[in-house]
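So this block is input22.txt, compact mmCIF, C-alpha atoms and all ligand atoms:
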```txt
# COMPACT_ATOMS: atom_id res chain seq x y z
CA MET A 6 -24.98 -18.15 1.44
CA ARG A 7 -25.92 -20.25 -1.55
CA THR A 8 -24.22 -23.57 -1.94
CA VAL A 9 -22.84 -25.49 -4.91
CA PRO A 10 -21.97 -29.16 -5.43
CA LEU A 11 -18.39 -30.22 -4.68
CA GLY A 12 -17.45 -32.48 -7.57
CA ASP A 13 -19.26 -35.80 -7.40
CA THR A 14 -19.12 -36.04 -3.60
CA GLY A 15 -22.85 -35.39 -3.15
CA VAL A 16 -21.92 -32.63 -0.71
CA GLU A 17 -22.77 -28.95 -1.17
CA VAL A 18 -20.33 -26.25 -0.09
CA SER A 19 -20.50 -22.46 0.13
CA ALA A 20 -20.23 -20.73 -3.24
CA LEU A 21 -17.46 -18.50 -1.85
CA CYS A 22 -14.69 -20.21 0.13
CA LEU A 23 -12.82 -18.20 2.76
CA GLY A 24 -9.02 -18.25 2.49
CA ALA A 25 -7.37 -18.41 5.92
CA MET A 26 -3.77 -18.15 4.67
CA TYR A 27 -2.75 -15.13 6.74
CA PHE A 28 -4.67 -15.87 9.93
CA GLY A 29 -2.13 -15.99 12.74
CA THR A 30 0.49 -14.01 10.77
CA HIS A 31 -0.64 -10.88 8.88
CA GLN A 32 -3.91 -11.02 10.82
CA ASN A 33 -3.59 -11.51 14.55
CA GLN A 34 -6.04 -13.67 16.45
CA ALA A 35 -8.61 -10.92 17.12
CA GLU A 36 -8.57 -9.76 13.47
CA SER A 37 -8.82 -13.33 12.23
CA TYR A 38 -11.80 -14.01 14.51
CA ARG A 39 -13.57 -10.87 13.23
CA LEU A 40 -13.09 -11.91 9.61
CA LEU A 41 -14.17 -15.48 10.34
CA ASP A 42 -17.25 -14.28 12.24
CA HIS A 43 -18.16 -11.95 9.39
CA TYR A 44 -17.90 -14.70 6.77
CA VAL A 45 -19.92 -17.12 8.90
CA GLY A 46 -22.40 -14.33 9.67
CA ALA A 47 -23.01 -14.10 5.92
CA GLY A 48 -23.80 -17.84 5.92
CA GLY A 49 -20.40 -19.08 4.75
CA THR A 50 -19.14 -22.45 5.97
CA PHE A 51 -16.23 -23.37 3.68
CA ILE A 52 -12.77 -22.39 5.00
CA ASP A 53 -9.41 -23.06 3.35
CA THR A 54 -6.08 -23.43 5.13
CA ALA A 55 -2.83 -25.44 4.77
CA ASN A 56 -0.08 -26.86 6.96
CA ILE A 57 2.44 -24.32 5.59
CA TYR A 58 0.44 -21.09 6.14
CA ALA A 59 2.19 -18.81 6.33
CA HIS A 60 5.89 -19.68 6.78
CA TRP A 61 7.09 -17.02 4.31
CA VAL A 62 5.80 -14.14 6.39
CA GLU A 63 8.46 -12.52 8.56
CA GLY A 64 8.46 -14.33 11.90
CA GLY A 65 6.39 -17.20 10.47
CA ARG A 66 7.46 -20.85 10.49
CA GLY A 67 4.33 -22.46 9.00
CA GLY A 68 1.50 -23.89 11.05
CA GLU A 69 0.25 -20.46 12.19
CA SER A 70 -3.14 -20.46 10.43
CA GLU A 71 -4.49 -23.83 11.57
CA PRO A 72 -4.28 -23.21 15.35
CA VAL A 73 -6.11 -19.86 15.02
CA LEU A 74 -8.84 -21.56 13.02
CA GLY A 75 -9.00 -24.40 15.55
CA ALA A 76 -9.19 -22.09 18.57
CA TRP A 77 -11.91 -20.02 16.91
CA MET A 78 -13.97 -23.16 16.12
CA ARG A 79 -13.65 -24.33 19.73
CA GLU A 80 -14.66 -20.92 21.15
CA ARG A 81 -17.65 -20.70 18.83
CA GLY A 82 -18.53 -24.40 19.14
CA SER A 83 -18.92 -24.32 15.38
CA ARG A 84 -16.83 -27.25 14.07
CA ASP A 85 -19.82 -29.35 13.00
CA ARG A 86 -21.35 -26.54 10.94
CA LEU A 87 -18.18 -25.92 8.93
CA PHE A 88 -16.41 -27.53 5.99
CA ILE A 89 -12.66 -27.32 6.61
CA ALA A 90 -10.04 -27.76 3.90
CA SER A 91 -6.31 -28.14 4.52
CA LYS A 92 -3.34 -29.19 2.42
CA VAL A 93 -0.09 -31.15 2.36
CA GLY A 94 2.79 -31.23 -0.11
CA PHE A 95 4.66 -27.93 -0.05
CA GLU A 96 7.80 -27.49 2.02
CA MET A 97 8.26 -25.35 5.12
CA PRO A 98 10.94 -25.35 7.80
CA GLY A 99 11.26 -28.95 9.02
CA VAL A 100 9.01 -30.37 6.30
CA GLU A 101 10.18 -31.38 2.83
CA ARG A 102 8.15 -30.90 -0.30
CA GLY A 103 6.47 -34.07 -1.53
CA LEU A 104 3.56 -36.48 -1.41
CA ARG A 105 5.16 -39.62 -0.05
CA ALA A 106 2.83 -41.72 2.12
CA SER A 107 4.90 -40.98 5.23
CA GLN A 108 4.67 -37.21 4.57
CA ILE A 109 0.92 -37.30 4.00
CA GLU A 110 0.28 -39.35 7.14
CA ALA A 111 2.57 -37.25 9.37
CA GLU A 112 1.31 -33.88 8.09
CA CYS A 113 -2.32 -34.93 8.39
CA GLU A 114 -1.80 -35.83 12.06
CA LYS A 115 -0.10 -32.48 12.67
CA SER A 116 -2.88 -30.52 10.95
CA LEU A 117 -5.56 -32.37 12.93
CA ARG A 118 -3.66 -31.66 16.14
CA ARG A 119 -3.09 -27.98 15.32
CA MET A 120 -6.77 -27.49 14.61
CA GLY A 121 -7.91 -29.77 17.44
CA ILE A 122 -10.35 -31.61 15.20
CA ASP A 123 -10.89 -35.29 14.33
CA THR A 124 -11.50 -34.97 10.59
CA ILE A 125 -10.44 -32.69 7.75
CA ASP A 126 -13.37 -32.34 5.35
CA LEU A 127 -11.26 -31.73 2.27
CA TYR A 128 -7.55 -32.58 2.17
CA TYR A 129 -5.54 -31.36 -0.80
CA ALA A 130 -2.35 -32.48 -2.43
CA HIS A 131 -1.04 -28.89 -2.43
CA VAL A 132 1.40 -29.40 -5.29
CA ASP A 133 2.12 -32.26 -7.66
CA ASP A 134 5.02 -34.62 -6.87
CA ARG A 135 6.52 -36.06 -10.04
CA VAL A 136 8.93 -38.36 -8.18
CA THR A 137 6.77 -40.28 -5.72
CA PRO A 138 4.71 -42.97 -7.48
CA MET A 139 1.19 -41.64 -7.82
CA ALA A 140 -0.20 -44.90 -6.44
CA GLU A 141 1.68 -44.38 -3.16
CA THR A 142 0.14 -40.92 -2.76
CA LEU A 143 -3.40 -41.94 -3.66
CA GLU A 144 -3.35 -45.04 -1.48
CA ALA A 145 -2.12 -42.97 1.47
CA PHE A 146 -4.97 -40.50 1.01
CA HIS A 147 -7.42 -43.39 0.70
CA ARG A 148 -6.18 -44.89 3.97
CA LEU A 149 -6.76 -41.56 5.72
CA ILE A 150 -10.32 -41.56 4.42
CA GLN A 151 -10.88 -45.13 5.59
CA ALA A 152 -9.52 -44.15 9.01
CA GLY A 153 -12.02 -41.26 9.19
CA LYS A 154 -9.30 -38.60 9.34
CA VAL A 155 -10.24 -37.10 5.99
CA ARG A 156 -13.59 -37.02 4.15
CA PHE A 157 -12.67 -35.95 0.60
CA ILE A 158 -9.47 -35.24 -1.31
CA GLY A 159 -8.57 -32.57 -3.83
CA ALA A 160 -5.58 -31.62 -5.95
CA SER A 161 -3.92 -28.23 -6.27
CA ASN A 162 -1.31 -26.96 -8.71
CA PHE A 163 -1.65 -30.03 -10.96
CA LEU A 164 -1.71 -30.10 -14.76
CA ALA A 165 -4.91 -31.48 -16.26
CA TRP A 166 -3.25 -34.62 -17.64
CA ARG A 167 -1.79 -35.49 -14.22
CA LEU A 168 -5.19 -35.05 -12.62
CA GLU A 169 -6.75 -37.33 -15.22
CA GLU A 170 -3.99 -39.91 -14.62
CA ALA A 171 -4.64 -39.79 -10.88
CA ARG A 172 -8.37 -40.16 -11.34
CA TRP A 173 -7.88 -43.12 -13.68
CA LEU A 174 -5.51 -44.80 -11.21
CA SER A 175 -7.92 -44.29 -8.31
CA ALA A 176 -10.80 -45.70 -10.32
CA GLN A 177 -8.72 -48.79 -11.28
CA ASN A 178 -7.84 -49.46 -7.64
CA GLY A 179 -11.08 -48.54 -5.93
CA TRP A 180 -9.44 -45.62 -4.13
CA THR A 181 -11.15 -42.31 -3.44
CA ASN A 182 -10.78 -39.85 -6.28
CA TYR A 183 -9.72 -36.21 -6.25
CA CYS A 184 -13.04 -34.37 -6.37
CA CYS A 185 -11.71 -30.89 -7.12
CA ILE A 186 -8.74 -28.87 -8.23
CA GLN A 187 -7.56 -25.62 -6.69
CA GLN A 188 -5.59 -23.51 -9.15
CA ARG A 189 -4.41 -19.96 -9.61
CA HIS A 190 -7.08 -18.18 -11.66
CA THR A 191 -8.27 -14.65 -12.21
CA TYR A 192 -9.95 -12.64 -14.96
CA LEU A 193 -6.70 -11.56 -16.62
CA ARG A 194 -4.80 -14.23 -18.50
CA PRO A 195 -1.06 -14.56 -17.96
CA LYS A 196 1.02 -13.79 -21.02
CA TYR A 197 2.30 -16.80 -22.94
CA GLY A 198 5.30 -18.41 -21.25
CA ALA A 199 5.04 -16.35 -18.05
CA SER A 200 6.14 -18.26 -14.97
CA THR A 201 4.19 -18.34 -11.73
CA GLY A 202 6.63 -20.80 -10.15
CA ALA A 203 5.01 -23.74 -8.41
CA GLN A 204 1.63 -22.03 -8.61
CA VAL A 205 -0.15 -23.51 -11.61
CA VAL A 206 -2.55 -21.29 -13.52
CA ALA A 207 -5.89 -22.70 -14.67
CA ASN A 208 -5.32 -22.74 -18.44
CA GLU A 209 -7.85 -23.47 -21.20
CA ASP A 210 -6.93 -27.16 -21.04
CA LEU A 211 -7.85 -27.43 -17.37
CA LEU A 212 -10.98 -25.29 -17.72
CA ASP A 213 -12.21 -27.57 -20.50
CA TYR A 214 -11.29 -30.67 -18.48
CA CYS A 215 -13.28 -29.43 -15.46
CA ARG A 216 -16.29 -28.67 -17.66
CA SER A 217 -16.18 -32.23 -19.01
CA ARG A 218 -15.78 -34.09 -15.71
CA PRO A 219 -17.49 -33.87 -12.33
CA ILE A 220 -14.52 -31.97 -10.90
CA THR A 221 -14.99 -28.62 -9.24
CA LEU A 222 -12.49 -25.87 -9.97
CA LEU A 223 -11.58 -23.62 -7.07
CA ALA A 224 -9.69 -20.43 -7.87
CA TYR A 225 -7.04 -18.73 -5.74
CA SER A 226 -5.40 -15.28 -6.04
CA VAL A 227 -8.59 -14.24 -7.83
CA LEU A 228 -8.26 -10.54 -6.98
CA LEU A 229 -4.48 -10.33 -7.53
CA ALA A 230 -4.02 -9.00 -4.00
CA GLY A 231 -6.38 -6.10 -4.74
CA ALA A 232 -4.51 -4.91 -7.87
CA TYR A 233 -7.69 -4.48 -9.94
CA THR A 234 -8.88 -1.59 -7.79
CA ARG A 235 -6.08 -0.36 -5.54
CA ALA A 236 -3.62 2.43 -6.24
CA ASP A 237 -1.10 0.82 -3.89
CA ARG A 238 -0.98 -2.41 -5.95
CA THR A 239 0.10 -3.10 -9.52
CA ILE A 240 -1.02 -5.84 -11.87
CA PRO A 241 1.73 -8.51 -11.63
CA HIS A 242 4.03 -8.41 -14.67
CA GLU A 243 3.16 -11.95 -15.71
CA TYR A 244 -0.39 -10.75 -16.41
CA ALA A 245 0.74 -7.82 -18.58
CA GLY A 246 -0.06 -9.58 -21.85
CA PRO A 247 -1.40 -8.47 -25.22
CA ASP A 248 -5.04 -8.61 -24.14
CA THR A 249 -4.61 -7.05 -20.68
CA ASP A 250 -5.81 -3.56 -21.66
CA ALA A 251 -8.84 -4.89 -23.51
CA ARG A 252 -9.85 -7.11 -20.60
CA LEU A 253 -9.39 -4.38 -18.02
CA ALA A 254 -11.47 -2.00 -20.14
CA THR A 255 -14.28 -4.57 -20.48
CA LEU A 256 -14.16 -5.24 -16.76
CA GLN A 257 -14.54 -1.51 -16.01
CA GLN A 258 -17.37 -1.24 -18.52
CA VAL A 259 -19.36 -4.14 -17.03
CA ALA A 260 -18.68 -2.89 -13.50
CA ALA A 261 -20.10 0.54 -14.44
CA GLU A 262 -23.18 -1.05 -16.06
CA GLN A 263 -23.80 -3.12 -12.94
CA ASN A 264 -22.98 -0.35 -10.49
CA ALA A 265 -20.53 -2.82 -8.98
CA THR A 266 -16.78 -2.92 -8.43
CA PRO A 267 -14.38 -4.75 -10.78
CA ASN A 268 -13.63 -7.19 -7.93
CA GLN A 269 -17.30 -8.05 -7.65
CA VAL A 270 -17.63 -8.51 -11.42
CA ILE A 271 -14.68 -10.94 -11.43
CA LEU A 272 -16.17 -12.95 -8.58
CA ALA A 273 -19.63 -13.00 -10.21
CA TRP A 274 -18.11 -13.98 -13.58
CA MET A 275 -16.37 -16.95 -11.91
CA LEU A 276 -19.46 -18.00 -9.98
CA GLN A 277 -21.47 -18.00 -13.21
CA HIS A 278 -18.78 -20.22 -14.74
CA ASP A 279 -19.36 -22.72 -11.88
CA ILE A 280 -16.00 -21.96 -10.30
CA ILE A 281 -15.64 -21.53 -6.54
CA PRO A 282 -13.52 -18.43 -5.85
CA LEU A 283 -11.45 -18.25 -2.70
CA ILE A 284 -11.91 -14.87 -1.09
CA ALA A 285 -9.43 -13.38 1.36
CA ALA A 286 -9.51 -10.01 3.02
CA SER A 287 -7.72 -8.05 5.69
CA THR A 288 -10.65 -5.74 6.51
CA ILE A 289 -14.38 -6.20 6.98
CA GLU A 290 -15.01 -3.67 4.17
CA GLN A 291 -13.02 -5.75 1.68
CA MET A 292 -14.73 -8.92 2.87
CA GLN A 293 -18.20 -7.36 2.52
CA GLU A 294 -17.39 -6.06 -0.97
CA ASN A 295 -16.39 -9.59 -1.94
CA LEU A 296 -19.42 -11.21 -0.30
CA ASP A 297 -21.74 -8.79 -2.10
CA ALA A 298 -20.64 -10.32 -5.40
CA LEU A 299 -23.11 -13.10 -4.57
CA ASP A 300 -25.97 -10.67 -5.29
CA LEU A 301 -24.68 -9.72 -8.72
CA HIS A 302 -26.09 -11.35 -11.83
CA LEU A 303 -24.30 -10.78 -15.12
CA SER A 304 -26.38 -11.05 -18.29
CA ASP A 305 -25.45 -13.60 -20.97
CA GLU A 306 -24.26 -10.72 -23.12
CA GLN A 307 -22.02 -9.39 -20.34
CA MET A 308 -20.60 -12.87 -19.71
CA GLN A 309 -19.80 -13.24 -23.39
CA ARG A 310 -18.23 -9.80 -23.56
CA LEU A 311 -16.05 -10.61 -20.56
CA ASP A 312 -15.11 -14.01 -21.96
CA ARG A 313 -14.25 -12.73 -25.42
CA ALA A 314 -12.39 -9.54 -24.51
CA SER A 315 -8.99 -9.77 -26.16
CA ALA A 316 -6.53 -7.62 -28.06
N1 LIG A 401 -3.40 -23.66 -3.49
C1 LIG A 401 -2.49 -22.73 -3.52
O1 LIG A 401 -1.35 -22.94 -3.96
C2 LIG A 401 -2.84 -21.35 -3.00
C3 LIG A 401 -1.98 -20.26 -3.25
C4 LIG A 401 -2.35 -19.00 -2.77
C5 LIG A 401 -3.53 -18.86 -2.06
N2 LIG A 401 -4.33 -19.94 -1.80
C6 LIG A 401 -5.60 -19.79 -1.04
O2 LIG A 401 -6.35 -18.74 -1.63
C7 LIG A 401 -6.68 -17.76 -0.66
C8 LIG A 401 -6.66 -16.38 -1.31
O3 LIG A 401 -5.38 -16.17 -1.91
P1 LIG A 401 -4.78 -14.72 -2.12
O4 LIG A 401 -4.57 -14.07 -0.82
O5 LIG A 401 -3.62 -14.90 -3.04
O6 LIG A 401 -6.01 -14.00 -2.87
P2 LIG A 401 -6.15 -12.58 -3.55
O7 LIG A 401 -7.61 -12.44 -3.84
O8 LIG A 401 -5.20 -12.42 -4.71
O9 LIG A 401 -5.66 -11.54 -2.46
C9 LIG A 401 -6.34 -11.28 -1.27
C10 LIG A 401 -5.88 -9.91 -0.79
O10 LIG A 401 -6.36 -8.92 -1.68
C11 LIG A 401 -6.74 -7.78 -1.00
N3 LIG A 401 -8.20 -7.64 -1.16
C12 LIG A 401 -9.16 -8.59 -0.97
N4 LIG A 401 -10.36 -8.11 -1.24
C13 LIG A 401 -10.19 -6.83 -1.58
C14 LIG A 401 -11.09 -5.82 -1.96
N5 LIG A 401 -12.40 -6.04 -2.05
N6 LIG A 401 -10.58 -4.59 -2.25
C15 LIG A 401 -9.26 -4.35 -2.18
N7 LIG A 401 -8.35 -5.27 -1.81
C16 LIG A 401 -8.82 -6.52 -1.54
C17 LIG A 401 -6.33 -7.99 0.46
O11 LIG A 401 -4.99 -7.55 0.55
P3 LIG A 401 -4.38 -6.93 1.92
O12 LIG A 401 -4.46 -8.02 2.91
O13 LIG A 401 -2.97 -6.58 1.55
O14 LIG A 401 -5.23 -5.75 2.27
C18 LIG A 401 -6.41 -9.50 0.56
O15 LIG A 401 -5.63 -10.03 1.60
C19 LIG A 401 -5.63 -17.94 0.44
O16 LIG A 401 -6.10 -17.46 1.69
C20 LIG A 401 -5.41 -19.42 0.43
O17 LIG A 401 -6.42 -20.05 1.21
C21 LIG A 401 -4.00 -21.17 -2.28
```

Here is a file; write its structure as structure tokens.
Amino acid sequence: MRTVPLGDTGVEVSALCLGAMYFGTHQNQAESYRLLDHYVGAGGTFIDTANIYAHWVEGGRGGESEPVLGAWMRERGSRDRLFIASKVGFEMPGVERGLRASQIEAECEKSLRRMGIDTIDLYYAHVDDRVTPMAETLEAFHRLIQAGKVRFIGASNFLAWRLEEARWLSAQNGWTNYCCIQQRHTYLRPKYGASTGAQVVANEDLLDYCRSRPITLLAYSVLLAGAYTRADRTIPHEYAGPDTDARLATLQQVAAEQNATPNQVILAWMLQHDIIPLIAASTIEQMQENLDALDLHLSDEQMQRLDRASA
């Protein structure tokens, strides 16, 4: 799989990152292993999890994904060939939301233990914390890096101005900077004022910020749980805005021209915008469809048509 730079870290990561959110809950161990093997078989090495995955699933408590990932890495002996991302900051049973130093340190230890590894390659602040002083959070992350428990840090669900503030503060203090931001992002744009709760959408402000700084944007919920192509899913209401029909029509048009699926066109469109999409799948067929987006090349004219489609 081709690789792309991760911010200004000097490290290259897989162009498509595998989301492991439902490993150990929706996907049992055998299914998770199959999906992981398939992704790695296609050359992928970048896998995304979090301490809280996936406590909201019936029977889940959080901490289900990391042990499956850890056991699979041990069985395959593959830890050193992979780039593992995890996160801290959201609440789950027994863990409060927040980015206090004590929370970051305790959750990092637990994630390392659950995965049975010594270092997390990329550790995210999963959600912004507007109460804890930013310096406390950034210094705690920096200490983890100095201790060798974490290699790089990223932010998720932050507004652009908060990310800039954090980067400025880190630079002033000689602490390690957030190298990337993971945000909710798909081809459709949410209608003005629509709420996605704690999940922050990559708006024009953030997209422009990431183009102007050496910060990689990673996108989650890219395929809206399959709603672009599946009869059993509907486009979430927050995306039913004035330009939805025009964008869906353009997507269909480009997909037909490319003999590709709308999902593949969205993934290719993101890749060509230097965004790393997170892909998740519950079947090998879905996973392969998503991986095949790597072979798609959209023309400049198609990119512009997709970008400009509006009501
Ligand atoms: N930072 C954050 O706050 C945050 C939030 C959410 C997610 N994430 C990360 O992003 C990853 C992906 O998130 P997501 O699950 O919300 O992504 P998504 O792309 O919106 O949904 C993935 C789901 O879409 C369906 N799907 C995938 N490929 C398909 C295809 N080719 N055809 C038809 N259906 C397809 C599958 O649904 P079924 O399983 O139902 O078949 C799959 O589980 C997660 O694993 C996690 O690592 C991060």

Please give me, as a PyMOL selection string, the residues lying within 8 Å of ligand LIG 401 (chain A) when counting all atoms listed in the file. chain A and resi 23-27+31+52-55+131-132+161-162+187-189+203-205+224-235+268-269+283-288+290-295

Report as a count of residues only all protein, DNA and RNA residues lying within 10 Å of range 88-93 of chain A, evaluated on all atoms listed in the file, omitting residues in the same chain fewer than 3 positions from it. 52

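We find CA of Gly94 in chain A and CA of Asp134 in chain A to be spaced 7.9 Å apart.
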
Atom pair CA of Pro72 in chain A + CA of Asn33 in chain A, distance 11.7 Å

Can you pull out the residues contacting Glu209 in chain A? Cut-off 12 Å, using all atoms listed in the file, and skip same-chain residues under 2 positions away; I want them as an MDAnalysis selection string. chainID A and resid 164:165 190 194:195 206:207 211:216 312

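Considering the residues A:Ala20, A:Leu303, A:Met139, A:Ala251 and counting only C-alpha atoms, Pro282 in chain A has its shortest atom-to-atom contact with A:Ala20.
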
What does the structure give for the distance between CA of Tyr197 in chain A and CA of Arg238 in chain A, in Å to one decimal? 22.5 Å

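When only C-alpha atoms are used to measure the gap to Glu169 in chain A, the shortest distance among A:Val73, A:Pro219, A:Thr142, A:Ala316 belongs to A:Pro219.
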
Taking only C-alpha atoms into account, which of A:Leu11, A:Leu253, A:Ala265, A:Met6 comes nearest Gly46 in chain A? A:Met6
